[in-house]
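I have placed the structure first, in the form of structure tokens, so that the comments after it can refer back to it.
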Amino acid sequence: MSLSTGIVGLPNVGKSTLFNALTRGSVPASSYPFCTIEPNMAIVTVPDPRLRRLETLLQPADCINTAIQITDIAGLVRGASRGEGRGNRFLADVRDTDALLHVVRCFADDSVSHVETDLNPLRDADTVVSELLLADLEVTERNLPNLDKVVRSDPRSQRQVELVALEAAHAALTQGITIREAGLGREQLESLRGYAFLTEKPMLLVANVDESAALTGGPWIDGLRQRHGASGVVVISAQIEAEIAQLEATERTAFLAEMGLGESGVDSLVQSAYKLLDLITFYTLANDKLQGWQLPRGSTAAAAAGRIHSDMESGFIRAEVATADDLEAVGGHLSKLRESGRLRAEGRDYAIDEGDVVTFLFKS
């Protein structure tokens with residue numbers, strides 16, 4: 001199942017335009033607030049140059065990329081944590097995602113209304129983060145008293161870690177610190193999983209600029225990067241990307257070259273979303289089909305086999321593993337990999353690496 005990345009932001013920042021560019025679709029995108037009411041969803045192929053090179057080398061009958069789910073969520077407004085706008089429905093839609101692309105309007109256009117009347121990307125970004133933070137704070141305040149009673153009534157309660165983690169989360173949120181920045185350990189975060197905190201989700205800020213700033217980013221980008229980190233902000237012109245998405249492949253290449261862009265912003269953004277979800281890609285070649293598979297980073301070979309079919313995980317014997325680079329270096333000949341010792345036999349606990357090419361041996 002593909003993990004889901006939600007597109008969030010204030011109304012009229014270009015979320016639906018970006019969704020259309022990502023999916024080459026045509027959901028409504030208008031100049032008035034709340035054009036999107038129910039979330040739109042689509043499965044988006046993840047660009048993979050390495051897979052394309054392997055396809056050219058191995059010439060399989062079929063070649064399949066990995067994919068992620070993109071969800072276009074209705075615009076949030078100030079007060080959403082208290083039910084303003086679509087309020088609770090918006091927050092529920094956000095909870096259903098695994099990571100967030102937070103679109104911030106960095107373009108001026110008198111024909112497109114702004115919910116705050118003037119353009120201020122720093123303020124707008126803070127508004128969305130604050131509403132998510134306030135919603136999480138309400139969850140901690142609602143649950144802490146009951147959890148405290150449960151643990152106090154049973155000194156041996158297995159929920160003690162959860163209580164300590166929830167108290168730490170509450171303390172951070174009251175100081176305006178998100179869950180993902182609160183310094184909680186892995187065990188603590190795992191104990192809080194059931195609360196589905198919004199500010200625990202990884203988030204990437206997408207600065208939506210006009211065409212003239214597609215290369216430079218415009219005047220607001222430095223401030224956003226100072227506030228959210230250079231790696232936490234990507235620049236894209238959703239309108240340009242939506243237009244590019246309607247072109248044929250050869251026309252897209254020519255258009256990008258004319259604009260001075262090495263690749264489309266959409267391709268770069270999808271790859272960023274994939275990294276945001278902390279996924280890696282491994283490959284299989286079986287029955288003349290080359291396929292990329294997504295897997296959470298750190299997953300074992302047995303879990304990777306289960307990603308393909310549960311019978312392969314339960315009957316796992318071993319995995320024969322080579323790197324895609326090594327396979328390319330020998331012209332795609334597995335026999336040469338085996339002769340050179342670069343085709344390895346790994347057990348069920350082997351941690352699959354990015355770019356591994358794997359053959360699973362299992363008993364049915």
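The way I read the labels, and the way they are meant: chains A, B, ... in the order of the structure tokens, residue 1 as the first residue of every chain, and ligand 1 as the first ligand shown, with later ones counted on from there.
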
Which of region 45-242 of chain A DSSP labels strand (DSSP E), written as a PyMOL selection string
chain A and resi 45+62-64+67-72+99-105+203-208+233-236

If you keep N, CA, C and O atoms, can you produce a file of those selected residues as a JSON list (two decimals), in the first residue's frame?
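again-v1.json, freshly written:
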[["chain", "number", "residue", "atom", "x", "y", "z"],
["A", 45, "THR", "N", 3.43, 8.31, -9.57],
["A", 45, "THR", "CA", 4.67, 7.57, -9.81],
["A", 45, "THR", "C", 5.87, 8.37, -9.34],
["A", 45, "THR", "O", 5.96, 9.58, -9.56],
["A", 62, "ASP", "N", 8.36, -5.83, -18.86],
["A", 62, "ASP", "CA", 7.57, -4.86, -18.10],
["A", 62, "ASP", "C", 8.46, -4.19, -17.06],
["A", 62, "ASP", "O", 9.39, -4.81, -16.53],
["A", 63, "CYS", "N", 8.18, -2.93, -16.77],
["A", 63, "CYS", "CA", 8.97, -2.17, -15.79],
["A", 63, "CYS", "C", 8.02, -1.28, -14.99],
["A", 63, "CYS", "O", 7.25, -0.51, -15.57],
["A", 64, "ILE", "N", 8.07, -1.40, -13.65],
["A", 64, "ILE", "CA", 7.11, -0.70, -12.80],
["A", 64, "ILE", "C", 7.83, 0.14, -11.74],
["A", 64, "ILE", "O", 8.67, -0.38, -10.99],
["A", 67, "ALA", "N", 5.40, 4.17, -6.16],
["A", 67, "ALA", "CA", 4.42, 5.25, -6.20],
["A", 67, "ALA", "C", 4.07, 5.67, -4.77],
["A", 67, "ALA", "O", 4.27, 4.91, -3.82],
["A", 68, "ILE", "N", 3.58, 6.89, -4.65],
["A", 68, "ILE", "CA", 3.06, 7.37, -3.37],
["A", 68, "ILE", "C", 1.68, 7.96, -3.61],
["A", 68, "ILE", "O", 1.34, 8.35, -4.73],
["A", 69, "GLN", "N", 0.89, 8.01, -2.55],
["A", 69, "GLN", "CA", -0.44, 8.63, -2.65],
["A", 69, "GLN", "C", -0.34, 10.09, -2.27],
["A", 69, "GLN", "O", 0.25, 10.45, -1.25],
["A", 70, "ILE", "N", -0.91, 10.95, -3.11],
["A", 70, "ILE", "CA", -0.96, 12.39, -2.84],
["A", 70, "ILE", "C", -2.42, 12.77, -2.58],
["A", 70, "ILE", "O", -3.31, 12.40, -3.34],
["A", 71, "THR", "N", -2.66, 13.51, -1.50],
["A", 71, "THR", "CA", -4.01, 13.93, -1.14],
["A", 71, "THR", "C", -4.06, 15.45, -1.07],
["A", 71, "THR", "O", -3.29, 16.07, -0.34],
["A", 72, "ASP", "N", -4.97, 16.04, -1.83],
["A", 72, "ASP", "CA", -5.19, 17.48, -1.82],
["A", 72, "ASP", "C", -6.28, 17.79, -0.79],
["A", 72, "ASP", "O", -7.44, 17.45, -0.98],
["A", 99, "ALA", "N", 2.67, 12.17, 5.86],
["A", 99, "ALA", "CA", 3.58, 13.31, 5.78],
["A", 99, "ALA", "C", 2.85, 14.46, 5.12],
["A", 99, "ALA", "O", 1.79, 14.26, 4.50],
["A", 100, "LEU", "N", 3.40, 15.67, 5.24],
["A", 100, "LEU", "CA", 2.69, 16.86, 4.77],
["A", 100, "LEU", "C", 3.56, 17.71, 3.85],
["A", 100, "LEU", "O", 4.73, 17.97, 4.15],
["A", 101, "LEU", "N", 2.97, 18.13, 2.73],
["A", 101, "LEU", "CA", 3.55, 19.16, 1.88],
["A", 101, "LEU", "C", 2.77, 20.43, 2.18],
["A", 101, "LEU", "O", 1.59, 20.54, 1.83],
["A", 102, "HIS", "N", 3.41, 21.38, 2.84],
["A", 102, "HIS", "CA", 2.75, 22.61, 3.30],
["A", 102, "HIS", "C", 3.00, 23.70, 2.26],
["A", 102, "HIS", "O", 4.11, 24.24, 2.16],
["A", 103, "VAL", "N", 1.99, 24.00, 1.47],
["A", 103, "VAL", "CA", 2.13, 24.98, 0.38],
["A", 103, "VAL", "C", 1.91, 26.39, 0.94],
["A", 103, "VAL", "O", 0.91, 26.66, 1.60],
["A", 104, "VAL", "N", 2.87, 27.26, 0.66],
["A", 104, "VAL", "CA", 2.81, 28.65, 1.11],
["A", 104, "VAL", "C", 2.82, 29.56, -0.12],
["A", 104, "VAL", "O", 3.66, 29.40, -1.02],
["A", 105, "ARG", "N", 1.90, 30.49, -0.16],
["A", 105, "ARG", "CA", 1.80, 31.40, -1.30],
["A", 105, "ARG", "C", 2.89, 32.45, -1.24],
["A", 105, "ARG", "O", 2.98, 33.23, -0.29],
["A", 203, "MET", "N", 7.19, 17.30, 7.69],
["A", 203, "MET", "CA", 6.58, 18.35, 6.87],
["A", 203, "MET", "C", 7.64, 19.03, 6.00],
["A", 203, "MET", "O", 8.74, 19.31, 6.46],
["A", 204, "LEU", "N", 7.27, 19.28, 4.76],
["A", 204, "LEU", "CA", 8.13, 20.02, 3.83],
["A", 204, "LEU", "C", 7.37, 21.26, 3.39],
["A", 204, "LEU", "O", 6.21, 21.18, 2.98],
["A", 205, "LEU", "N", 8.02, 22.42, 3.49],
["A", 205, "LEU", "CA", 7.40, 23.67, 3.07],
["A", 205, "LEU", "C", 7.60, 23.84, 1.57],
["A", 205, "LEU", "O", 8.73, 23.78, 1.08],
["A", 206, "VAL", "N", 6.51, 24.06, 0.84],
["A", 206, "VAL", "CA", 6.56, 24.25, -0.61],
["A", 206, "VAL", "C", 6.24, 25.71, -0.91],
["A", 206, "VAL", "O", 5.10, 26.15, -0.77],
["A", 207, "ALA", "N", 7.25, 26.48, -1.28],
["A", 207, "ALA", "CA", 7.08, 27.90, -1.60],
["A", 207, "ALA", "C", 6.59, 28.01, -3.04],
["A", 207, "ALA", "O", 7.34, 27.76, -3.99],
["A", 208, "ASN", "N", 5.32, 28.39, -3.21],
["A", 208, "ASN", "CA", 4.71, 28.50, -4.54],
["A", 208, "ASN", "C", 4.93, 29.92, -5.06],
["A", 208, "ASN", "O", 4.31, 30.87, -4.59],
["A", 233, "VAL", "N", 12.60, 23.58, 2.88],
["A", 233, "VAL", "CA", 11.85, 24.44, 1.96],
["A", 233, "VAL", "C", 12.23, 24.10, 0.52],
["A", 233, "VAL", "O", 13.42, 24.02, 0.19],
["A", 234, "VAL", "N", 11.24, 23.89, -0.32],
["A", 234, "VAL", "CA", 11.49, 23.73, -1.76],
["A", 234, "VAL", "C", 10.71, 24.81, -2.50],
["A", 234, "VAL", "O", 9.64, 25.24, -2.05],
["A", 235, "VAL", "N", 11.24, 25.25, -3.62],
["A", 235, "VAL", "CA", 10.62, 26.32, -4.42],
["A", 235, "VAL", "C", 10.02, 25.71, -5.68],
["A", 235, "VAL", "O", 10.66, 24.91, -6.37],
["A", 236, "ILE", "N", 8.78, 26.09, -5.97],
["A", 236, "ILE", "CA", 8.13, 25.57, -7.17],
["A", 236, "ILE", "C", 7.13, 26.62, -7.67],
["A", 236, "ILE", "O", 6.56, 27.38, -6.88]]

In Å, rounded to a single decimal, give me how far CA of Ala303 (chain A) is from CA of Asp325 (chain A).
23.0 Å

One-decimal distance in Å that lies between CA of Ala242 (chain A) and CA of Asp109 (chain A):
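CA of Ala242 (chain A) lies at a distance of 17.1 Å from CA of Asp109 (chain A).
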
Residues at most 6 Å from Leu132 (chain A), counting only C-alpha atoms, excluding those fewer than 3 positions away in the same chain, as a list in words?
Val129, Ala135 and Leu198 of chain A

DSSP on the backbone, then: every residue of region 105-160 of chain A marked helix (DSSP H, G or I), written as a PyMOL selection string.
chain A and resi 121-153+160

Any idea what's packed within 10 Å of Ala238 (chain A), counting only C-alpha atoms, ignoring anything in its chain fewer than 5 positions away? Could you give it as a PDB file with C-alpha atoms, in the first residue's frame?
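As written to disk, around_23.pdb reads:
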ATOM      1  CA  VAL A  13      -2.200  29.225  -2.104  1.00  0.00           C
ATOM      2  CA  GLY A  14      -2.135  26.895  -5.145  1.00  0.00           C
ATOM      3  CA  LYS A  15      -2.718  23.487  -3.541  1.00  0.00           C
ATOM      4  CA  SER A  16      -5.121  22.211  -6.206  1.00  0.00           C
ATOM      5  CA  THR A  17      -2.979  23.666  -8.987  1.00  0.00           C
ATOM      6  CA  LEU A  18      -0.007  21.789  -7.551  1.00  0.00           C
ATOM      7  CA  PHE A  19      -2.100  18.620  -7.217  1.00  0.00           C
ATOM      8  CA  ASN A  20      -3.045  18.908 -10.902  1.00  0.00           C
ATOM      9  CA  ALA A  21       0.625  19.289 -11.807  1.00  0.00           C
ATOM     10  CA  LEU A  22       1.613  16.268  -9.700  1.00  0.00           C
ATOM     11  CA  VAL A 103       2.128  24.982   0.383  1.00  0.00           C
ATOM     12  CA  VAL A 206       6.563  24.249  -0.613  1.00  0.00           C
ATOM     13  CA  ALA A 207       7.076  27.899  -1.603  1.00  0.00           C
ATOM     14  CA  ASN A 208       4.713  28.504  -4.537  1.00  0.00           C
ATOM     15  CA  VAL A 209       6.220  31.353  -6.555  1.00  0.00           C
ATOM     16  CA  ASP A 210       5.265  33.070  -9.801  1.00  0.00           C
ATOM     17  CA  GLU A 211       6.908  32.272 -13.117  1.00  0.00           C
ATOM     18  CA  ALA A 214      10.892  29.902 -10.578  1.00  0.00           C
ATOM     19  CA  GLU A 243       1.075  23.856 -17.750  1.00  0.00           C
ATOM     20  CA  ILE A 244       4.116  21.597 -18.252  1.00  0.00           C
ATOM     21  CA  GLY A 265       9.791  20.978 -10.146  1.00  0.00           C
ATOM     22  CA  VAL A 266       7.118  18.308  -9.822  1.00  0.00           C
TER      23      VAL A 266
END
